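> Structure incoming, see below.
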Amino acid sequence: MNVVNVDNRPKPPSQQKLAEKLIILNERAQGLLTRLHYSKQSCEEGRTCPPCLTEKTYDNAVKTISSKFPKLDRAKTLFQNMNLSNSTKNDMRQHLQVHYNTFVDILELKEYVMELLTNISVEAMSFDIHINFSLTANFLDLLCRYVKMVLLLGRHEHVKAIVGIYNIIYDPSCGESDPSQDFHRLGNLVESCDTPLKKLVDEILPLSLRVGLALKSLHPLHCDKNFTINEMRDHSLYNLNGQNGLSSDPIVANHPGCKLINLEKLNEWILFGYLVCPSQLNSSDQKAWKNALSDSYIITLFRDEVVNIHVLYIEVFERYKGHRKLVQMVQEAAVTFSKDTPVKHQGRRSYFRLMLSEMINVVTSSPGLIAPKLLLLLDAMSTATGEVLWLVRNYATDWRKQRLKVTQDTFGDPLISQLIHNIETLSRLIKEYHPIVKRYYLQYLKQNDCVELRHIIQNFPAPEEESLLLTSFIDKLGSLDFSNVDKVDDFQALRIDWQRLQAYTNVTQSQLQLKQHEALAICMNTIENHTKYVDKMDEVLKEVTNLSNLCFYQKFIQDSFQRALERKDTAPYSVVYACICAHFINTCNDYCPEEHCFIGKKSIDLANHFLDMTAREAQKYLELYCEERLKIHMFTHPSYGAMLMAEAKNNKEKEAKKERLAPPLPLPGAESKRSRLEDLTDMDRNFAKMVSHLQALNTIPSLVVWQHTFAPREYIIHHLDELFNRLISQYIFQEGSQQVQLPTMMAHRLIGVMDVFRQLESYITLDTSRIFNVVLLQHTQPQENTPGPTLASQYTNWYLDMLVEHIKNGEVCYAPLRKCFVRKHQMALTFNAELYTNISELQALAKMLGPYGMKYMGEQLMERCEPYIKEMLAIVQENKDLLIALRACTMDMFPTAQLAKQLKRHDVFMSNCIIVGALFNFRRLTISALHSVVAKRASFLQNCILDYKTNVSPEVDPSIADDMATAAGFMVDADPALCAALQKHCSSEDCEMMWTLFNVMVAVTLPLQSMEVDSVFRAPIEGHENNLHCVSTAVTWLSSCAYTNLVRSGLEKQPLQVILKERVREFLEKVSERMLKLQLEEDKELQKEIKHRDSLFILLEKMVQDSSYITYDMLENNFPFTILRNSIRAVYESKKKKALKIENEI
C-alpha cells in the first residue's frame, strides 16, 4: 500500500465525529420518541393524566393557556386567584415534571440535530445506500425520526398546557432550574408544531441536495423490492429449491445490507424524505416516489400513531406554486392504492408463505445450509415481516373516515398466522444453529473477506489516517480463530471504524473519495454484514423480524387469533400469537423506564391468554370427539350385545303379529361406512380440529416472555386433567337418575376415555400416564382440588346409603354362598343388590378406587356403624344389673328365663346388631375384592406385606402391620377402621365390663330370635332372611377390636389372645346354654312360638367359622354336634319338600 503523507491536510472540526454523532443522535431520537409517545398516551388516558389537566377547577386556566400561548399573563392571574397552597403546587410540579422534561429534551435534540445536519450540508457529504450503507441508513433514520418527532409533538393536545402551567407554578425555593430560561425556545418549538410541515420544509431546505442524493440511491433498491407475485414467480425469487439453491455455495450479494431492508422501511425513507424536500421531486425521481405513494396510504409515525401521508403531501404541494401536477399524482396514487395494492400484497403474502415453508423444510433437514444461505433467509424474513406490518397498519385503520372504496375486510387475511409462524420458526432455527453459523462466518471472514480486502488495498493511495483504519481491519480479520466457537468475538469497534471511514471519505475535502472505489465499499459492507452474523445475530434477527409494534394493535392480534382458532388449516399456527408477545419487550427503551412494567405485564397476560385459549379449544374438540368415541366403545360392552339380542327377539314377535317395528339399534362398525372418501362425520371433523390445536401447542417446548417461561404443553396437560376429571364426574351417575353406574360399566367407560387420551401421544409430546395417575389418584380421595365429586366419595356414600337403608328396612340380606347381598324374593327394589354387590362389580370398584379409596370406604362404613354400636352399648348400660346377674346364672333354668324377660329394648339391640353385622360383611366383601385386584397388579408387594405382617417384631406397633395388610386386601383379626371407630368406647376402666356384658346381652337375646317369622334359614343363600346370621360377624369383629383397643391402651393387663379366648369361651357357654334350653323346652304354648329353632342352631356353626378363637372342639364341649347336624339336615330337607310341593302344584 502506498501511503500518501498529508499531515498538512486541513481537518475542519465539522468533519470530525460525524459518524459517532449520527449513531448517538439516532439512539437519542428513538428514546425521545418513546418518551413523547408515552407522554401523549398517558395524558389521553384519564387515570394517568395529570390532575391539573382534567379537574374542572383548572379548566378555565388550561383553556386560556392553550388559546393565548405563549402569553401567560392572564393565566398567571387566574392561578394567583386560586390561592394554591405550596403542597398543591409541589404535587402539580411532580405530575408535570416528567412531561416537561421530555419537551426540553426534544428541544435540545432538535438543536443538536440541526447542528449536525448543517455540518453535513456544509461538508457536502454524499450519501449512497450502495456505497456508504451504514452512514446513509443512519442519516435517513435520523431525518425520518426527527420528522416523526415534530409531527407527533404537534399531535400532543396538552403540550401547551403542560409547558405553560409548569412555568407559572415554578418555585425557586425548590432548587429546580428556572424553566423561563428554556421557555422562549420551547415556546417557539411548540408554536412551530401548529404548522409542522412548513417549519420542517424550511429547516431541511439547506440540506435538500444531500437528502435528494440519499433518496435517489434508494430508487433501484425500491424497484428490486416492489415486485408483484407474478414477477417473483417468473424470477424464482427466494426459491431455495431452485438452481444451486441446495448446494453449499454461499449466497453472495454486492450490497448485503440493502437486502435486509424491507419495503416498509424504504417507503418510510422515501415518503418522509420527499415530504420535507419536495424540491427534489424532479421527473427522473418520480417513479419510486409514485410507487411508494401507491403502496402506502397510511404510514406509521410511531407505534400505533399513523398519519395519512397523501393528505400531508397535498398540504405541502398546495402551499407552493407549480405543484398542481404532483397533487394530481397523489390523487391517482390513492386510487391505485384502493384498487390494486391490497391484491398485490395479498399475492406477495401468499408467495412468501410458500417460500418460507420450503425454506423451513430445507434447513430442518439440512441445517448445514443455514450459514451459506443465511442472506437469502434473512432477506425473505425481512420482506415477509414488512408485509405483516403493512397488513396490521392498514387493518387497524378506520377506513370509514377515509375517502377510499376500501373497508377493514379488504385487509383481512385469515392465513396471516401461517406467515408469522413461518417467520418465527425460521428465526428459531437460525438461533438454534447459530454456533454453526458463527463458525462458518469466522472462517469466511478470515479466509475470504480478509484476502479480498488485502487484495483491494494493495497499491491503494490513502491518507495516513484512512490507511491506519484499513490496516487495522486486515489485522483484526487476519487474527481470527474459528476453532473455538464459544469464544466471545466483538466486532463493534471494527464496524464503528468503518462508519468513521465512510464519514471521512464522503466529504468534498477528502482526498480519498469512497464513491470512486466501489470495490472497497462493497467489500467492507460485506465484512460489516458478516461480522454481525458472528456477534450480533440476535440483533440482526430482531431487526428483520421485529413485530413488536403488534403490542399496540391488540384488536388485530385478537381478531387474527380468533380466526386462526376457527379454521382447521390455521389452527396449528395459533400458538405463534403467544410467540409474538416475546417481541413486545423490543418496544421498550431505556429512555422511558416508566412503561416497562406495563408492557411486560401486558405481554405476559396476552401470552397466557393465547396459550390458554388454544388449550381450551383443543379440550373442547377433544371432549366432543371423546363423546363420539365413547358411544362406539360402549358397543363392545356385553350389555349392548344383550340389547341387540333382545331387539332381534322382539322384532320376530312383532313380525309374527305384523306390528310396526321400532327403529333398529346401530350395529357396531356402522360408523365406518363411507360412500366416498371425502365424506366426513362429526367425529372426523372434531378429531381433525383437535389434532390441529394440539400440534399448535406442540410446536415449541418453551417460550420466554418478559423473563417468564411458558410451557405450552403444560397448558394442555392442565386442561386434559380438568377434562378427564370432569368426564369421570359426569359418568358416575346414570342418565336421568340418582343411581350410580355399575362399577364394571364405569370402568369400561374409563377405559374408553383413556384410550382416546392415549391417542394424543401420536400428535403431541405428552405423558398421558401421568394424567391418569394424578386424576385417578385424586378420585381415590374423599375430596380433591377441583370442586367436582370424586369416585371414592360418590360410590362410598351411595353404596353405604343404599345398604344401610335397605338392610334397616329388611329388604336385602347377605348371602354367604353367593358372596353378595340379595333382595328378598317378594321384594322388587330399585336397588339391585345382587348386581351391585357381586364379586365382579366390587373388584371393578376396587380397581377404580384402589387401596386409598377402599380404605376411605371402610372408614366411612365404620362411622355409619358407630351410632348403632353406641346405642347398643347404651342398652347394655340400661340393663347392666340384669346382665351381671345373668352372667352369674348357671344351668338353673328358672332364674335365667325370669331375668331375660326383664331386659329392656332387647329387640332394638338385636336389630342394631344385625345391621352392624351386615355392614361388617360388606366390609369383608370389599377387602376380598381388593385382595384379588392387588394380587393381579402387585403380587410381589402383596407377598412382602404378608410376610411383614406374619413376622412383625413385638417392638413394632401392631396397628401399622394391620393397616398395611388391610390396604393389601388381607383380613386381620382387628380391623383398623373399626378399631379407630371404637376408640372412644374403650377409653375408661368400665369399658372392659361393658364389652363383657355386651357378649352376655347377645347370648341372652339371640335365642329370642327363634320366635321371629323372618329368622328362617334359606339354604340357597346359606343365610337367614332377616340377616340373623350376621350377628356372629358382629360379635366376632366387635369383640376382637374392642379388646384389642383395651389391651393396646393398657386398660386390660392380660395378653390379647388370653382375654379373647376367655371371653369367647364365656360367650359360647352362655349362648349354648340358652340354645339348649330351647331344645329342652316342654311348654307347648312356648313351643308354638319357637318357629325356627333349627335355623337358630345353625348360627352356632357360623360363629365357629367367623371367629379364629372358637374351634369345633369348644363348640362340642358346650353344644352337642348331633343337635347341630340334625338341624342342618332338617333345614335342607324342608327346602326339598318345598320344591317338591311347588313341582306337584305345577
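FYI, nothing fancy with the C-alpha cells labels: chains A, B, ... in order, residues from 1 per chain, ligands from 1 as they appear.
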Excluding same-chain residues fewer than 4 positions from Asn26 (chain A), what lies within 8 Å of it counting only C-alpha atoms, as a ChimeraX atom specification?

/A:22,30,138,141-142,145

> Write out the residues from the selection above, keeping N, CA and C atoms, as a PDB file, in the first residue's frame.


ATOM      1  N   LEU A  22     -24.131  10.720  14.394  1.00  0.00           N
ATOM      2  CA  LEU A  22     -25.294  10.085  13.772  1.00  0.00           C
ATOM      3  C   LEU A  22     -25.796   8.897  14.610  1.00  0.00           C
ATOM      4  N   GLN A  30     -34.722   7.979  19.020  1.00  0.00           N
ATOM      5  CA  GLN A  30     -35.629   6.849  19.259  1.00  0.00           C
ATOM      6  C   GLN A  30     -36.127   6.860  20.699  1.00  0.00           C
ATOM      7  N   ASN A 138     -28.134   5.523   8.627  1.00  0.00           N
ATOM      8  CA  ASN A 138     -28.228   6.316   9.855  1.00  0.00           C
ATOM      9  C   ASN A 138     -28.736   7.724   9.566  1.00  0.00           C
ATOM     10  N   ASP A 141     -32.457   7.488   8.784  1.00  0.00           N
ATOM     11  CA  ASP A 141     -33.173   7.184  10.024  1.00  0.00           C
ATOM     12  C   ASP A 141     -33.310   8.417  10.891  1.00  0.00           C
ATOM     13  N   LEU A 142     -32.211   9.169  11.027  1.00  0.00           N
ATOM     14  CA  LEU A 142     -32.249  10.376  11.860  1.00  0.00           C
ATOM     15  C   LEU A 142     -33.214  11.401  11.268  1.00  0.00           C
ATOM     16  N   ARG A 145     -36.824  10.151  11.876  1.00  0.00           N
ATOM     17  CA  ARG A 145     -37.203  10.226  13.289  1.00  0.00           C
ATOM     18  C   ARG A 145     -37.424  11.670  13.725  1.00  0.00           C
TER      19      ARG A 145
END

> Which of these residues is nearest to Ser208 (chain A), using only C-alpha atoms: A:Ile120, A:Ala1003, A:Asn267, A:Phe183?

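Residue with the minimum atom-to-atom distance to Ser208 (chain A): A:Ile120.
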
> Let's see if you can do this: from backbone DSSP, list all helix (DSSP H, G or I) residues in region 408-575 of chain A, as a PyMOL selection string.

chain A and resi 408-411+416-432+434-456+464-478+492-504+514-516+518-535+537-544+548-552+554-566+571-573

> Compile the contact shell of Ala137 (chain A) as a PyMOL selection string: residues with an atom at most 10 Å away, counting only C-alpha atoms, same-chain residues fewer than 2 positions apart removed.

chain A and resi 22+127-129+132-135+139-143+214+257-258+261+269

> Looking only at strand (DSSP E or B) from DSSP on the backbone, list the matching residues of region 914-1133 of chain A as a PyMOL selection string.

chain A and resi 1017-1018+1023-1024

> Rounded to one decimal, what separation in Å do you get between CA of Ile839 (chain A) and CA of Leu861 (chain A)?

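These atoms are spaced 18.4 Å apart.
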
> In terms of the shortest atom-to-atom distance over only C-alpha atoms, which of A:Val363, A:Val972, A:Ile604, A:Ile580 is closest to Ser247 (chain A)?

A:Val363

> Counting only C-alpha atoms, which residue out of A:Val812, A:Ile24, A:Met92, A:Cys944 sits closest to Ile169 (chain A)?

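Using only C-alpha atoms, Ile169 (chain A) sits closest to A:Met92.
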